[in-house]
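Peer 1: Structure below; questions to follow.
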Amino acid sequence: MDFNDTPEEAAFRQRAQAFLAAQVEPRAGQTESLQKRLSDKEYMLAAKAYQKAKAENGFAGITWPKEQGGLGLAPIFSVIFGQEEGKFDAPAGPFTIGLGMCVPTVIAFATDAQKERHVGPALRGEEIWCQLFSEPSAGSDVAGLKTKAVRDGDDWVINGQKVWTSGAHYSDWGIVLVRTNADKAKHKGLSMFFIDMKSPGIEVRPIHQMSGGSNFNEVYFTDVRVPNSQMLGGEGNGWSVALVTLMNERLAVGGSPGPDYKEIFEWAKTMPGQDGGTLAEDQSFRQKVADWFVRAEGYKLAKFRTMTALSKGQTPGPESSIGKIITANQLQDITHNAMESMDHFGIITDAAYAPSEGVFQQSHMWAAGLRIAGGTDEILKNIIAERILGLPGDVRVDKDVAFKDLPSGR
Amino acid sequence: MDFNDTPEEAAFRQRAQAFLAAQVEPRAGQTESLQKRLSDKEYMLAAKAYQKAKAENGFAGITWPKEQGGLGLAPIFSVIFGQEEGKFDAPAGPFTIGLGMCVPTVIAFATDAQKERHVGPALRGEEIWCQLFSEPSAGSDVAGLKTKAVRDGDDWVINGQKVWTSGAHYSDWGIVLVRTNADKAKHKGLSMFFIDMKSPGIEVRPIHQMSGGSNFNEVYFTDVRVPNSQMLGGEGNGWSVALVTLMNERLAVGGSPGPDYKEIFEWAKTMPGQDGGTLAEDQSFRQKVADWFVRAEGYKLAKFRTMTALSKGQTPGPESSIGKIITANQLQDITHNAMESMDHFGIITDAAYAPSEGVFQQSHMWAAGLRIAGGTDEILKNIIAERILGLPGDVRVDKDVAFKDLPSGR
Amino acid sequence: MNFDFSDDQKYLKEQARKFLSEQSSMAVVRTVLNDEQKSHDAGLWKAIADMGWLGAAIPEEFGGLGLGELELCVLAEEMGRSLAPVPWASTVYFFAEAIKIAGTDAQKTAILPKLAEGGVIGCVAASEGPGEPRATNLKTVFDGTSVTGMKVPVTDGDCATHALVLAKHQDGTSLVIVDLSGAGVEAKAIKTFDPTRSHATLTFTKAPAQLLGEAGDGEALLHRVYDRAAVLLAFEQIGGSQACLDMATDYAKGRYAFSRQIGSFQAIKHKLADMYVALEIARSNAFYGAWALSSDAPELPLAAAAARIAACDAYYLASKENIQTHGGMGFTWDVDCHLYYRRAKLLAVQAGAPSLWKEKLVRRLEMRNAA
Amino acid sequence: MNFDFSDDQKYLKEQARKFLSEQSSMAVVRTVLNDEQKSHDAGLWKAIADMGWLGAAIPEEFGGLGLGELELCVLAEEMGRSLAPVPWASTVYFFAEAIKIAGTDAQKTAILPKLAEGGVIGCVAASEGPGEPRATNLKTVFDGTSVTGMKVPVTDGDCATHALVLAKHQDGTSLVIVDLSGAGVEAKAIKTFDPTRSHATLTFTKAPAQLLGEAGDGEALLHRVYDRAAVLLAFEQIGGSQACLDMATDYAKGRYAFSRQIGSFQAIKHKLADMYVALEIARSNAFYGAWALSSDAPELPLAAAAARIAACDAYYLASKENIQTHGGMGFTWDVDCHLYYRRAKLLAVQAGAPSLWKEKLVRRLEMRNAA
C-alpha cells in the first residue's frame, strides 16, 4: 500500500508538469481567475490556444485510440493530467463536455469520413461541441424527451426545446437526442444526431439561474434540418447511443465545488464564537468540523481507491456516484453553518463587507443546484441501490406502451 | 387561546381524579411498578377488578353508544380520563387493544344477540380480547395475509399463523382476519371472524424479542373451527372491517415510551463532560438538548391541538401519524447519545452498576422496535404523504390479480 | 383545552391571505427583487397601513386597533407566506414591540400613532460584524444624548425613519432611538442574500438619540424584544414553510418522470412528509409561543426559544427541499423556490442565529427547573 | 498510486472469511450469547491461535508470524463480519500492540510468544465509571510495585490472563501490566449490552504489577495504543457494517410487501444507499489508517481518529437500519440483526466514544496545520 506513481506514471506526470508550467499560470497566488480577468472572447481564444498546445504536446485525447489522434493510454493517465492541470488556472472548461462526452460518442458511432472531418478539429481546439439531451419535461427521465425529428427526403426536420445545455452559445457542433417515432415505446423511438449549431432555426437563450448568473442555455429548434447521414447509431437506437455518452459523464466530473472543512475551519479562527473565544474554539462547531473532515477525506481517499483501480487497468464502476451526493450536501451544510454562525452579518453578500468576499453565500446558492445537476441526489441513490447493491428496479409503467400514449404532466 | 377544560370537561376530570385516587396507586413515589410487584396471575386479577370498577363507576366505554353500555360521550372525555389515568399505576394494559380496537369492531358489525352476549362482559373486564391480523409474510402489507379459512357446513376451518399478537395467551376472544378466497384479488378475498381463543387447534407461543423479553405472541391455527355466524361484515368484506379496526388504533396509542430530554438532561448533570465539567455543561450536548426539547414539546403541543379539535367535536385526522415517527426516533437518538457519552461504561446493563438501572440501554433496544411496531417509519411517512398531503399512491401491482397468482417471496 | 386561534382570528387570517395574494403577488415581490434601487413596495406598505395592520397590536389610546398579539401572529403567517417586500417585521415585531414594552408614555405618544398610520418605519441596528452583538464587542457608543458608530447590516435600514440602536453606554449597553431624518446619520444600501428585503449600513456621527428603557440595560431589553419578535417571526417562517410545502406538493402532483407523477415515488413522498413533520413541530411550538406572548406568561422566554428554533429548522428544510423537488426548474431565477431559500436564511439570522437560541433555551430550561 | 491491499493480503482475507464462516458461524456466536457462564468460545480461540493469527503482526523473534499490520487489518475485518465471540480485540489490538510499542525486551520475551500461542489473553482495565478515564478522576493507584482499585467495565476481563491497567502514579498516571492469576485480583462477570462478548469488574488489592513504558506517561501511552487499536477496530466495524448491509440487501430482495420486493421501494433503496455511502467513507478512511499504521507514518493520529469516527458512524447506521429493513423479524431474538446492533455499540465505546475522538481529531488537525 502506497501513494506512489508507477515509473511510467511518474514520467508522464513530470512531462505534464513541465508542459503546464510552460503553458499556463499556477492557480495559487492569483487573486482573480483568468476567466474573470479576460473578456468572454479573449477567454475563448485563450482556451482554444491552450487546447491546441495540448494537442501539439501530446496531452489531448489521452485515452483515445491512436488512429483518432489520441494517445491510446490507460484512464489513469487522464486522471494524472487532470490532477496536475487542477493546480493551474488552465482555460480547459469549454472543452470538458465536448471532448469528455460528445466526441467519444462520435468516435464510437460515426463513419470513418465523419471522424476524419470532426475528431481532429475538436482535439486541436478548433471546434467546440455541446450535448443536447435534457428537456424541460425530461430531466431525471431523459428518455421522456419530446423534441421530435420527422424524416423529409434525405433530411430530418427537428422541432422542440432542449435545456441546461452548457456552452451552446459558443459551440460549433452538438449531439442531439430526439424522438423519431412516438408510436414506439419510450426508449425505442429515439435517435441521435450530430448537428451544426449554426444551422438555421436553432436559437440559444441563456438560463437565468437562481444564483444570478447564467452558466447554461435553453436551445430552441424550429424546423431545423439535419442530414440523415448525421444520425449516429441508426434509427431508433438513440437510447443506446446516449448511454455511451452518459457513461463518460462520471469520469468528467471532479474537483472541489467550494469551501470545505479546511476553509471553514481556517476562517472560523477569525470569527467570534459563542463562548467568548473564536468560533474555532466552540465545542459544538469542532464536532461538526470533525464530521466534515471525515467525509471530505473519505471521499478524497475513495477517489484514490478508484485511481488505484485505474492504475491497475480496471474500469471504475458506479461507485463514483457517491461523490456528488457527499460533496453537494456537505457544501450546502458547511455554507449554511458558516452563514448562521456569523449571526445577522451572515446575510451580507456585498463584497465590501462579507468575509471571504461572500464565498459561503455564493456557494450556498450553488450547492442547491449541485444537488440537482448531473443526476439528483435521488437518482444517484437509485443508481447505488440498483447497480452496486443489485436491488430490483422500481415498477416501470412506461415499458411496452407507445410513447404518445404515456402520461407526461407538466 | 387557553389550556382550560370546559366546565363539563372539568367536572368529568374531577370525577375521574376522585375515582382513580380511590381505586389505584399514584405512579409517583413507587419504585417498582404494580406489574413487577405482582405475579402474572395476581396482576390479571387486579386488572379485571379495575376494569369492573371503571364499568361500575361510569368510566368504561366512554365514547361507546349508551345502548351498548357506553357513556355516549365525545372523544375528548376519553382523552381526559386517559390523562388522569396516566398519573396512576393503573392496571389497564390488558384491555387496551380489546376495548380500543376489537370490541368496537364487534359493535359495528355483529348481530344484536352477539353484542348482547359479548359487549357487557368485555366492558366489565370479565373477558379479554385480542387482535389477530399480522402474519410472518404480511406485516406492513396486512392484506397480503395467507391464513386461510375454508367453508365446511356451518363452520369455517382455519389454518395458518398469526404473529405479533399482544395478550393472545390471556385473551378469551379474538378477532381474526383470514383469506376465504384466494382466487379473488388481494383485498377482496378476506373475511373477519371473532373467535373463542380456547378453540381446539389454537396454539399460542411467546416471541422472544431482541430486547430479551416476550411481550408478543405467535398464534398457530390448525384446523380451528369457527361458526359462520361469527363472521363480521360478510364474506369477502374483511378488508373493510379491518380498516374500521385499524382506524381505532391511532387513538389507542400514546404516552411516553422512555427517557426524553428531561431525563437525559437531569441525568447529564451527574455525568462527567468532555471539558472537565458535567455533561450538562458541554456545549455540543446542550445544542442537542435544545433540539430534543423542541421536538418533544412540539409533539406534546401537537397533541394539545388534537385535543382541542376533539374538544370542539371534530374528528382528528391522520396528523397523529407524526407522533410515533418523532418519539421512536428521538428515543433511539437520546439513548444512543446517553450510552456513548458514558464512554466505555455506557455498555453496562448490570443493574448494580448502570446509571438509572440501565434505562437508557433498555430503551435503546425498545426504540429499534418502536420504529417498526404499529406501522414502520416508512409506512407512516406514506400515510402522511398520501392522506395528509394528497400525493398519489405508489404504483400497485397487486390490484386486479387473483391472490394466488401474486408473488410473495419469503 | 382551547389551543387554537379563535374563529375571528382565523377569519382575519383568511382575509389577510386574500388581500396579500392580490396586493403582494409574486409579481410585486419581484419588482423589489429585480430593482436594486427599490427598498420596498411603497404601495403595498400604504395598503397595509390602510388595513390597520401596522397598529393591530397597538392599544387604541396610541392610535392602534387594540387587537392582541394573537392577531399579529395570524397576520405574520400570511406576510411570511406572501414574502411581502415591506419593512413589516422590522417595524412591527421589533420596533413597535420595543416601544410598547419599554417606551415612556411620551415616546409611545410620539411614535406609535404615526407608526400605525405607516408614517414611521422602524429598524434594529445592533450588528456591527460577525457574531452576536455584545457589550464586549460593540464599538458604537451612546454618550447620553447622541450616538456614534457604524452598524451593519441593518435590515430595512435604507427605508426606515427610526432605528433602535444598541450602543455601549456607562458600564454596559443601552438601547436608544434615533430619528434617521436627523443630523449625523448616513445610510448606504448593501447587497445581501435576500434582495427582496433591503439592507443598509447606518453610520452615526453624534446623531441625536434618546434612551429607551433603563440605561445600561440595552442587551437585556434587546433580548426581551427578540423574545417577542421570535414568536412573530416564527409565524412568518411557518407561512413561508407552508408555502414551500404547498409548492413542492403541487409540483410533485403535476410533474411526471418515468411516466409517473413524481409524487408517487417514495423518495419525494418521504421528503415532503419530513417537511410536513418539521412544519407541524414548528407550528405547535409557535402556537405555544403565541399563547405565552398574548398572555404575558412567564413561559415566554422558553416558549419563544423553542418556537424560533423549530421555525428556523422547518423553513430551511422546506426551502431547500422545495428546490430539490423542483429539480432543474427549482434552480432557475424565474421559479420562485429561491425566494424562499433566501428569505429563510434572512429570518434565521435576523434576531439571533439558531445556535445562539439553543444555548438560550437550555439556560432558560435550567432556570425554570431551578425555580 | 497503490491504495489497496496486496493480492496476498486479499487472499489471506478470503481464507479468513472461509475459515470463520465455518468456525465462527452464528450458531457458535449464539452459544456464547445464550450461556451466561460462557465468556468466549475456547475452541474457536484455540483454532485462531493454531492459524497463527494471534501473532500475525508479532515479529518472528517474539514467536509471531512477522507479517505486518495490514495483514491484521484484513483479519480484523473478517473477525468483525463474523462477530467472533473471542477476546481477540482485547488481546491483539490493545494488549499486544501496547507491549509491542512500549514493552521492554524482557516484557516482550515474557509475553508475546505465549500470546501468539493463545496462552495469554489480554484486556484493558481503564474505565472506573462514566466518562473518559483521566488522571483527574481515577481512583486506582499504582505504588511502584502493586496496584489497588476497581475497574469497570473490563471487556474480556473474566477470561483474560493479563490486564493493562491505567492507574494514578506519581504526579500523573501510569500503564501497568498485571498478571491476573496472581494475588490480589478478583474478577466478577457483569452484564452488558453485548452478551456475545464477556465483561467483568476487576478489583485489585495490592496486586503485583509492572510498569509498561515510562512512569507517569500512562494516559499518553494509552492514547497511542488507542490510535493503533482504532484502526484495527475500524476494520472490525467495517466487517460488521458490511455484514449488516449484506443482510439487509439480501432481505430486501427476498421479502415482498404489496406483492413487490421491498427492495424495489425507494424508501428501502435509499436507506441501503445511505448505508453504502457511509460504509465507503468508513472504508476509505480505514484504508488510510491502515497505511499510516503499517508505515508508522506521522499521519497516524489524525488518520486513526478519522477511521474511528467514520467506522462508528457507519456501523451504528448499518446496524439500526438493518433492523428497520427487516421489520418485525428484525426485532426478534432469533434473527441476527440485534447481534450487530449490540456489537456496534460495544465497539463504539470500547476505545473512547466518538465525540471524544472528534475533539481529538480537531486538536490533531490544529497540530498538523501548525506544524
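A note on labels: chains of the C-alpha cells are A, B, ... as shown, every chain counts residues from 1, and ligands are counted from 1 in their shown order.
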Excluding region 282-294 of chain A and any residue of its chain fewer than 3 positions from it, enumerate the residues within 9 Å of it, using only C-alpha atoms, and give them as a ChimeraX atom specification.

Peer 2: /A:260-262,264-265,273-275,277-279,297-299,330,334,337 /B:282-287 /D:281-282,285,305-307,309-310,355,357-362

Peer 1: How would the residues just picked look written out with N, CA, C and O atoms as a compact mmCIF listing (two decimals), in the first residue's frame?

Peer 2:
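So the final result, stored in result03.txt, reads:
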# COMPACT_ATOMS: atom_id res chain seq x y z
N ASP A 260 -14.60 23.83 1.86
CA ASP A 260 -14.79 22.58 2.59
C ASP A 260 -14.29 22.75 4.03
O ASP A 260 -14.12 23.87 4.49
N TYR A 261 -14.09 21.64 4.74
CA TYR A 261 -13.72 21.74 6.15
C TYR A 261 -12.50 22.62 6.37
O TYR A 261 -12.44 23.37 7.34
N LYS A 262 -11.56 22.54 5.47
CA LYS A 262 -10.32 23.33 5.60
C LYS A 262 -10.65 24.81 5.65
O LYS A 262 -10.21 25.53 6.53
N ILE A 264 -13.55 26.40 6.07
CA ILE A 264 -14.41 26.91 7.14
C ILE A 264 -13.66 26.88 8.48
O ILE A 264 -13.84 27.76 9.32
N PHE A 265 -12.77 25.92 8.66
CA PHE A 265 -12.06 25.84 9.93
C PHE A 265 -11.03 26.97 10.04
O PHE A 265 -10.91 27.62 11.08
N GLY A 273 -16.81 33.20 18.51
CA GLY A 273 -17.62 32.03 18.87
C GLY A 273 -18.70 32.39 19.87
O GLY A 273 -18.94 33.57 20.15
N GLN A 274 -19.34 31.36 20.41
CA GLN A 274 -20.43 31.61 21.36
C GLN A 274 -19.92 31.87 22.76
O GLN A 274 -20.60 32.48 23.57
N ASP A 275 -18.75 31.35 23.07
CA ASP A 275 -18.32 31.36 24.46
C ASP A 275 -17.21 32.36 24.73
O ASP A 275 -16.40 32.18 25.64
N GLY A 277 -14.60 33.01 22.97
CA GLY A 277 -13.40 32.76 22.16
C GLY A 277 -13.74 32.84 20.68
O GLY A 277 -14.70 33.51 20.29
N THR A 278 -12.94 32.15 19.87
CA THR A 278 -13.26 32.13 18.44
C THR A 278 -14.24 30.99 18.16
O THR A 278 -14.39 30.07 18.96
N LEU A 279 -14.84 31.08 16.99
CA LEU A 279 -15.74 30.01 16.56
C LEU A 279 -14.99 28.68 16.50
O LEU A 279 -15.54 27.63 16.84
N GLU A 297 -12.31 13.82 3.60
CA GLU A 297 -11.16 12.95 3.42
C GLU A 297 -11.60 11.59 2.89
O GLU A 297 -10.93 11.00 2.05
N GLY A 298 -12.70 11.11 3.41
CA GLY A 298 -13.22 9.82 2.96
C GLY A 298 -13.47 9.83 1.46
O GLY A 298 -13.12 8.87 0.76
N TYR A 299 -14.05 10.92 0.99
CA TYR A 299 -14.33 10.99 -0.44
C TYR A 299 -13.03 11.10 -1.24
O TYR A 299 -12.85 10.45 -2.27
N GLN A 330 -22.55 18.26 1.55
CA GLN A 330 -21.60 18.82 2.51
C GLN A 330 -21.41 20.32 2.24
O GLN A 330 -21.32 21.11 3.17
N ILE A 334 -22.06 23.02 5.07
CA ILE A 334 -20.96 23.87 5.54
C ILE A 334 -21.28 25.34 5.34
O ILE A 334 -21.10 26.17 6.24
N ASN A 337 -23.92 26.49 7.76
CA ASN A 337 -23.34 26.71 9.09
C ASN A 337 -22.50 27.98 9.15
O ASN A 337 -22.53 28.70 10.14
N ASP B 282 -21.55 20.67 28.70
CA ASP B 282 -20.90 20.58 27.40
C ASP B 282 -21.73 21.28 26.33
O ASP B 282 -22.91 20.96 26.14
N GLN B 283 -21.10 22.18 25.60
CA GLN B 283 -21.83 22.96 24.60
C GLN B 283 -22.50 22.08 23.55
O GLN B 283 -23.67 22.30 23.19
N SER B 284 -21.78 21.08 23.06
CA SER B 284 -22.37 20.28 21.98
C SER B 284 -23.54 19.45 22.50
O SER B 284 -24.51 19.23 21.79
N PHE B 285 -23.46 19.02 23.75
CA PHE B 285 -24.58 18.30 24.34
C PHE B 285 -25.78 19.22 24.52
O PHE B 285 -26.93 18.85 24.25
N ARG B 286 -25.52 20.44 24.94
CA ARG B 286 -26.61 21.40 25.15
C ARG B 286 -27.35 21.71 23.86
O ARG B 286 -28.57 21.88 23.85
N GLN B 287 -26.61 21.80 22.76
CA GLN B 287 -27.27 22.05 21.48
C GLN B 287 -28.24 20.91 21.15
O GLN B 287 -29.32 21.13 20.63
N ILE D 281 -17.24 5.66 2.95
CA ILE D 281 -16.49 6.70 3.64
C ILE D 281 -15.65 6.06 4.75
O ILE D 281 -14.47 6.40 4.94
N ALA D 282 -16.26 5.13 5.45
CA ALA D 282 -15.54 4.46 6.54
C ALA D 282 -14.39 3.61 5.99
O ALA D 282 -13.28 3.62 6.52
N ASN D 285 -11.45 5.84 4.83
CA ASN D 285 -10.70 6.37 5.97
C ASN D 285 -9.91 5.26 6.67
O ASN D 285 -8.80 5.49 7.15
N ALA D 305 -8.08 8.77 14.07
CA ALA D 305 -9.30 9.45 14.54
C ALA D 305 -10.36 9.44 13.46
O ALA D 305 -11.53 9.14 13.71
N ALA D 306 -9.96 9.75 12.23
CA ALA D 306 -10.92 9.76 11.13
C ALA D 306 -11.48 8.36 10.88
O ALA D 306 -12.69 8.18 10.67
N ALA D 307 -10.59 7.37 10.91
CA ALA D 307 -11.03 5.99 10.68
C ALA D 307 -12.05 5.58 11.75
O ALA D 307 -13.08 4.97 11.45
N ILE D 309 -14.02 7.52 13.74
CA ILE D 309 -15.29 8.25 13.69
C ILE D 309 -16.16 7.73 12.55
O ILE D 309 -17.35 7.45 12.72
N ALA D 310 -15.54 7.57 11.39
CA ALA D 310 -16.31 7.10 10.23
C ALA D 310 -16.83 5.69 10.46
O ALA D 310 -17.96 5.36 10.07
N SER D 355 -17.52 11.07 20.24
CA SER D 355 -17.44 12.52 20.49
C SER D 355 -16.07 12.90 21.05
O SER D 355 -15.56 13.99 20.77
N TRP D 357 -13.31 11.34 20.26
CA TRP D 357 -12.41 11.25 19.11
C TRP D 357 -12.57 12.44 18.18
O TRP D 357 -11.62 12.83 17.50
N LYS D 358 -13.77 13.00 18.11
CA LYS D 358 -13.94 14.17 17.25
C LYS D 358 -13.12 15.33 17.78
O LYS D 358 -12.49 16.06 17.02
N GLU D 359 -13.15 15.51 19.09
CA GLU D 359 -12.33 16.57 19.68
C GLU D 359 -10.85 16.27 19.45
O GLU D 359 -10.07 17.17 19.09
N LYS D 360 -10.46 15.01 19.63
CA LYS D 360 -9.06 14.63 19.37
C LYS D 360 -8.69 14.94 17.93
O LYS D 360 -7.61 15.45 17.65
N LEU D 361 -9.59 14.58 17.01
CA LEU D 361 -9.32 14.80 15.58
C LEU D 361 -9.04 16.28 15.32
O LEU D 361 -8.05 16.63 14.66
N VAL D 362 -9.89 17.14 15.86
CA VAL D 362 -9.72 18.57 15.56
C VAL D 362 -8.43 19.09 16.20
O VAL D 362 -7.72 19.90 15.59

Peer 1: According to DSSP computed on the backbone, where in region 182-216 of chain A is there strand (DSSP E or B)? Give the residues as a PDB file with all heavy atoms, in the first residue's frame.

Peer 2:
ATOM      1  N   ALA A 185     -42.291   2.400 -28.081  1.00  0.00           N
ATOM      2  CA  ALA A 185     -42.122   2.599 -26.645  1.00  0.00           C
ATOM      3  C   ALA A 185     -41.051   3.661 -26.405  1.00  0.00           C
ATOM      4  O   ALA A 185     -40.176   3.880 -27.258  1.00  0.00           O
ATOM      5  CB  ALA A 185     -41.733   1.295 -25.965  1.00  0.00           C
ATOM      6  N   LEU A 190     -36.163   6.725 -30.051  1.00  0.00           N
ATOM      7  CA  LEU A 190     -35.200   7.825 -30.002  1.00  0.00           C
ATOM      8  C   LEU A 190     -34.072   7.613 -31.010  1.00  0.00           C
ATOM      9  O   LEU A 190     -33.685   6.485 -31.282  1.00  0.00           O
ATOM     10  CB  LEU A 190     -34.597   7.950 -28.606  1.00  0.00           C
ATOM     11  CG  LEU A 190     -35.591   8.188 -27.471  1.00  0.00           C
ATOM     12  CD1 LEU A 190     -34.875   8.108 -26.121  1.00  0.00           C
ATOM     13  CD2 LEU A 190     -36.274   9.544 -27.624  1.00  0.00           C
ATOM     14  N   SER A 191     -33.553   8.726 -31.539  1.00  0.00           N
ATOM     15  CA  SER A 191     -32.366   8.644 -32.405  1.00  0.00           C
ATOM     16  C   SER A 191     -31.416   9.786 -32.059  1.00  0.00           C
ATOM     17  O   SER A 191     -31.840  10.818 -31.556  1.00  0.00           O
ATOM     18  CB  SER A 191     -32.764   8.747 -33.886  1.00  0.00           C
ATOM     19  OG  SER A 191     -33.676   7.703 -34.212  1.00  0.00           O
ATOM     20  N   MET A 192     -30.136   9.560 -32.334  1.00  0.00           N
ATOM     21  CA  MET A 192     -29.114  10.567 -32.030  1.00  0.00           C
ATOM     22  C   MET A 192     -28.556  11.140 -33.333  1.00  0.00           C
ATOM     23  O   MET A 192     -28.291  10.399 -34.272  1.00  0.00           O
ATOM     24  CB  MET A 192     -27.978   9.910 -31.232  1.00  0.00           C
ATOM     25  CG  MET A 192     -26.905  10.857 -30.756  1.00  0.00           C
ATOM     26  SD  MET A 192     -27.388  11.718 -29.247  1.00  0.00           S
ATOM     27  CE  MET A 192     -27.020  10.434 -28.043  1.00  0.00           C
ATOM     28  N   PHE A 193     -28.384  12.468 -33.339  1.00  0.00           N
ATOM     29  CA  PHE A 193     -27.732  13.123 -34.478  1.00  0.00           C
ATOM     30  C   PHE A 193     -26.583  13.980 -33.979  1.00  0.00           C
ATOM     31  O   PHE A 193     -26.586  14.423 -32.831  1.00  0.00           O
ATOM     32  CB  PHE A 193     -28.716  14.069 -35.191  1.00  0.00           C
ATOM     33  CG  PHE A 193     -29.825  13.387 -35.905  1.00  0.00           C
ATOM     34  CD1 PHE A 193     -31.038  13.142 -35.261  1.00  0.00           C
ATOM     35  CD2 PHE A 193     -29.681  12.990 -37.223  1.00  0.00           C
ATOM     36  CE1 PHE A 193     -32.078  12.520 -35.916  1.00  0.00           C
ATOM     37  CE2 PHE A 193     -30.731  12.358 -37.892  1.00  0.00           C
ATOM     38  CZ  PHE A 193     -31.928  12.124 -37.238  1.00  0.00           C
ATOM     39  N   PHE A 194     -25.612  14.231 -34.870  1.00  0.00           N
ATOM     40  CA  PHE A 194     -24.724  15.362 -34.579  1.00  0.00           C
ATOM     41  C   PHE A 194     -25.087  16.468 -35.546  1.00  0.00           C
ATOM     42  O   PHE A 194     -25.515  16.228 -36.673  1.00  0.00           O
ATOM     43  CB  PHE A 194     -23.241  14.978 -34.612  1.00  0.00           C
ATOM     44  CG  PHE A 194     -22.687  14.617 -35.949  1.00  0.00           C
ATOM     45  CD1 PHE A 194     -22.106  15.589 -36.767  1.00  0.00           C
ATOM     46  CD2 PHE A 194     -22.681  13.298 -36.381  1.00  0.00           C
ATOM     47  CE1 PHE A 194     -21.559  15.250 -37.997  1.00  0.00           C
ATOM     48  CE2 PHE A 194     -22.139  12.953 -37.611  1.00  0.00           C
ATOM     49  CZ  PHE A 194     -21.582  13.927 -38.417  1.00  0.00           C
ATOM     50  N   ILE A 195     -24.989  17.677 -35.067  1.00  0.00           N
ATOM     51  CA  ILE A 195     -25.607  18.780 -35.801  1.00  0.00           C
ATOM     52  C   ILE A 195     -24.756  20.040 -35.717  1.00  0.00           C
ATOM     53  O   ILE A 195     -24.083  20.292 -34.710  1.00  0.00           O
ATOM     54  CB  ILE A 195     -27.032  19.032 -35.234  1.00  0.00           C
ATOM     55  CG1 ILE A 195     -27.816  19.998 -36.119  1.00  0.00           C
ATOM     56  CG2 ILE A 195     -26.986  19.528 -33.803  1.00  0.00           C
ATOM     57  CD1 ILE A 195     -29.308  19.980 -35.794  1.00  0.00           C
ATOM     58  N   ASP A 196     -24.775  20.773 -36.813  1.00  0.00           N
ATOM     59  CA  ASP A 196     -24.078  22.062 -36.867  1.00  0.00           C
ATOM     60  C   ASP A 196     -24.881  23.078 -36.045  1.00  0.00           C
ATOM     61  O   ASP A 196     -26.042  23.337 -36.352  1.00  0.00           O
ATOM     62  CB  ASP A 196     -23.982  22.504 -38.339  1.00  0.00           C
ATOM     63  CG  ASP A 196     -23.197  23.803 -38.506  1.00  0.00           C
ATOM     64  OD1 ASP A 196     -23.013  24.529 -37.498  1.00  0.00           O
ATOM     65  OD2 ASP A 196     -22.771  24.070 -39.650  1.00  0.00           O
ATOM     66  N   ILE A 202     -31.981  27.214 -35.139  1.00  0.00           N
ATOM     67  CA  ILE A 202     -31.506  26.974 -33.768  1.00  0.00           C
ATOM     68  C   ILE A 202     -31.361  28.318 -33.067  1.00  0.00           C
ATOM     69  O   ILE A 202     -30.695  29.224 -33.584  1.00  0.00           O
ATOM     70  CB  ILE A 202     -30.145  26.241 -33.756  1.00  0.00           C
ATOM     71  CG1 ILE A 202     -30.293  24.822 -34.298  1.00  0.00           C
ATOM     72  CG2 ILE A 202     -29.577  26.205 -32.329  1.00  0.00           C
ATOM     73  CD1 ILE A 202     -29.005  24.004 -34.268  1.00  0.00           C
ATOM     74  N   GLU A 203     -32.017  28.440 -31.933  1.00  0.00           N
ATOM     75  CA  GLU A 203     -31.904  29.674 -31.159  1.00  0.00           C
ATOM     76  C   GLU A 203     -31.444  29.324 -29.752  1.00  0.00           C
ATOM     77  O   GLU A 203     -32.017  28.463 -29.088  1.00  0.00           O
ATOM     78  CB  GLU A 203     -33.263  30.374 -31.095  1.00  0.00           C
ATOM     79  CG  GLU A 203     -33.172  31.762 -30.467  1.00  0.00           C
ATOM     80  CD  GLU A 203     -34.539  32.288 -30.063  1.00  0.00           C
ATOM     81  OE1 GLU A 203     -35.554  31.699 -30.475  1.00  0.00           O
ATOM     82  OE2 GLU A 203     -34.590  33.272 -29.302  1.00  0.00           O
ATOM     83  N   VAL A 204     -30.385  29.988 -29.308  1.00  0.00           N
ATOM     84  CA  VAL A 204     -29.807  29.719 -27.983  1.00  0.00           C
ATOM     85  C   VAL A 204     -30.134  30.875 -27.053  1.00  0.00           C
ATOM     86  O   VAL A 204     -29.899  32.036 -27.386  1.00  0.00           O
ATOM     87  CB  VAL A 204     -28.270  29.565 -28.094  1.00  0.00           C
ATOM     88  CG1 VAL A 204     -27.656  29.358 -26.711  1.00  0.00           C
ATOM     89  CG2 VAL A 204     -27.905  28.406 -29.014  1.00  0.00           C
ATOM     90  N   ARG A 205     -30.728  30.564 -25.897  1.00  0.00           N
ATOM     91  CA  ARG A 205     -31.029  31.607 -24.903  1.00  0.00           C
ATOM     92  C   ARG A 205     -30.422  31.225 -23.564  1.00  0.00           C
ATOM     93  O   ARG A 205     -30.581  30.087 -23.110  1.00  0.00           O
ATOM     94  CB  ARG A 205     -32.545  31.717 -24.683  1.00  0.00           C
ATOM     95  CG  ARG A 205     -33.320  32.203 -25.868  1.00  0.00           C
ATOM     96  CD  ARG A 205     -34.795  32.355 -25.468  1.00  0.00           C
ATOM     97  NE  ARG A 205     -35.668  32.274 -26.629  1.00  0.00           N
ATOM     98  CZ  ARG A 205     -36.983  32.033 -26.562  1.00  0.00           C
ATOM     99  NH1 ARG A 205     -37.553  31.835 -25.382  1.00  0.00           N
ATOM    100  NH2 ARG A 205     -37.701  31.980 -27.663  1.00  0.00           N
ATOM    101  N   PRO A 206     -29.750  32.160 -22.911  1.00  0.00           N
ATOM    102  CA  PRO A 206     -29.181  31.827 -21.595  1.00  0.00           C
ATOM    103  C   PRO A 206     -30.284  31.599 -20.557  1.00  0.00           C
ATOM    104  O   PRO A 206     -31.352  32.214 -20.637  1.00  0.00           O
ATOM    105  CB  PRO A 206     -28.357  33.065 -21.247  1.00  0.00           C
ATOM    106  CG  PRO A 206     -28.938  34.167 -22.071  1.00  0.00           C
ATOM    107  CD  PRO A 206     -29.490  33.538 -23.316  1.00  0.00           C
ATOM    108  N   GLN A 209     -30.134  31.788 -13.727  1.00  0.00           N
ATOM    109  CA  GLN A 209     -30.170  30.883 -12.586  1.00  0.00           C
ATOM    110  C   GLN A 209     -30.569  31.610 -11.308  1.00  0.00           C
ATOM    111  O   GLN A 209     -30.413  32.812 -11.196  1.00  0.00           O
ATOM    112  CB  GLN A 209     -28.785  30.283 -12.367  1.00  0.00           C
ATOM    113  CG  GLN A 209     -28.347  29.349 -13.449  1.00  0.00           C
ATOM    114  CD  GLN A 209     -26.849  29.358 -13.661  1.00  0.00           C
ATOM    115  OE1 GLN A 209     -26.373  29.028 -14.720  1.00  0.00           O
ATOM    116  NE2 GLN A 209     -26.110  29.760 -12.641  1.00  0.00           N
TER     117      GLN A 209
END

Peer 1: Please provide the set of residues having any atom within 10 Å of Val141 (chain C), restricted to only C-alpha atoms, with same-chain residues fewer than 6 positions apart removed, written as number ranges by chain.

Peer 2: C: 147-150, 165-170, 173-174, 204, 206
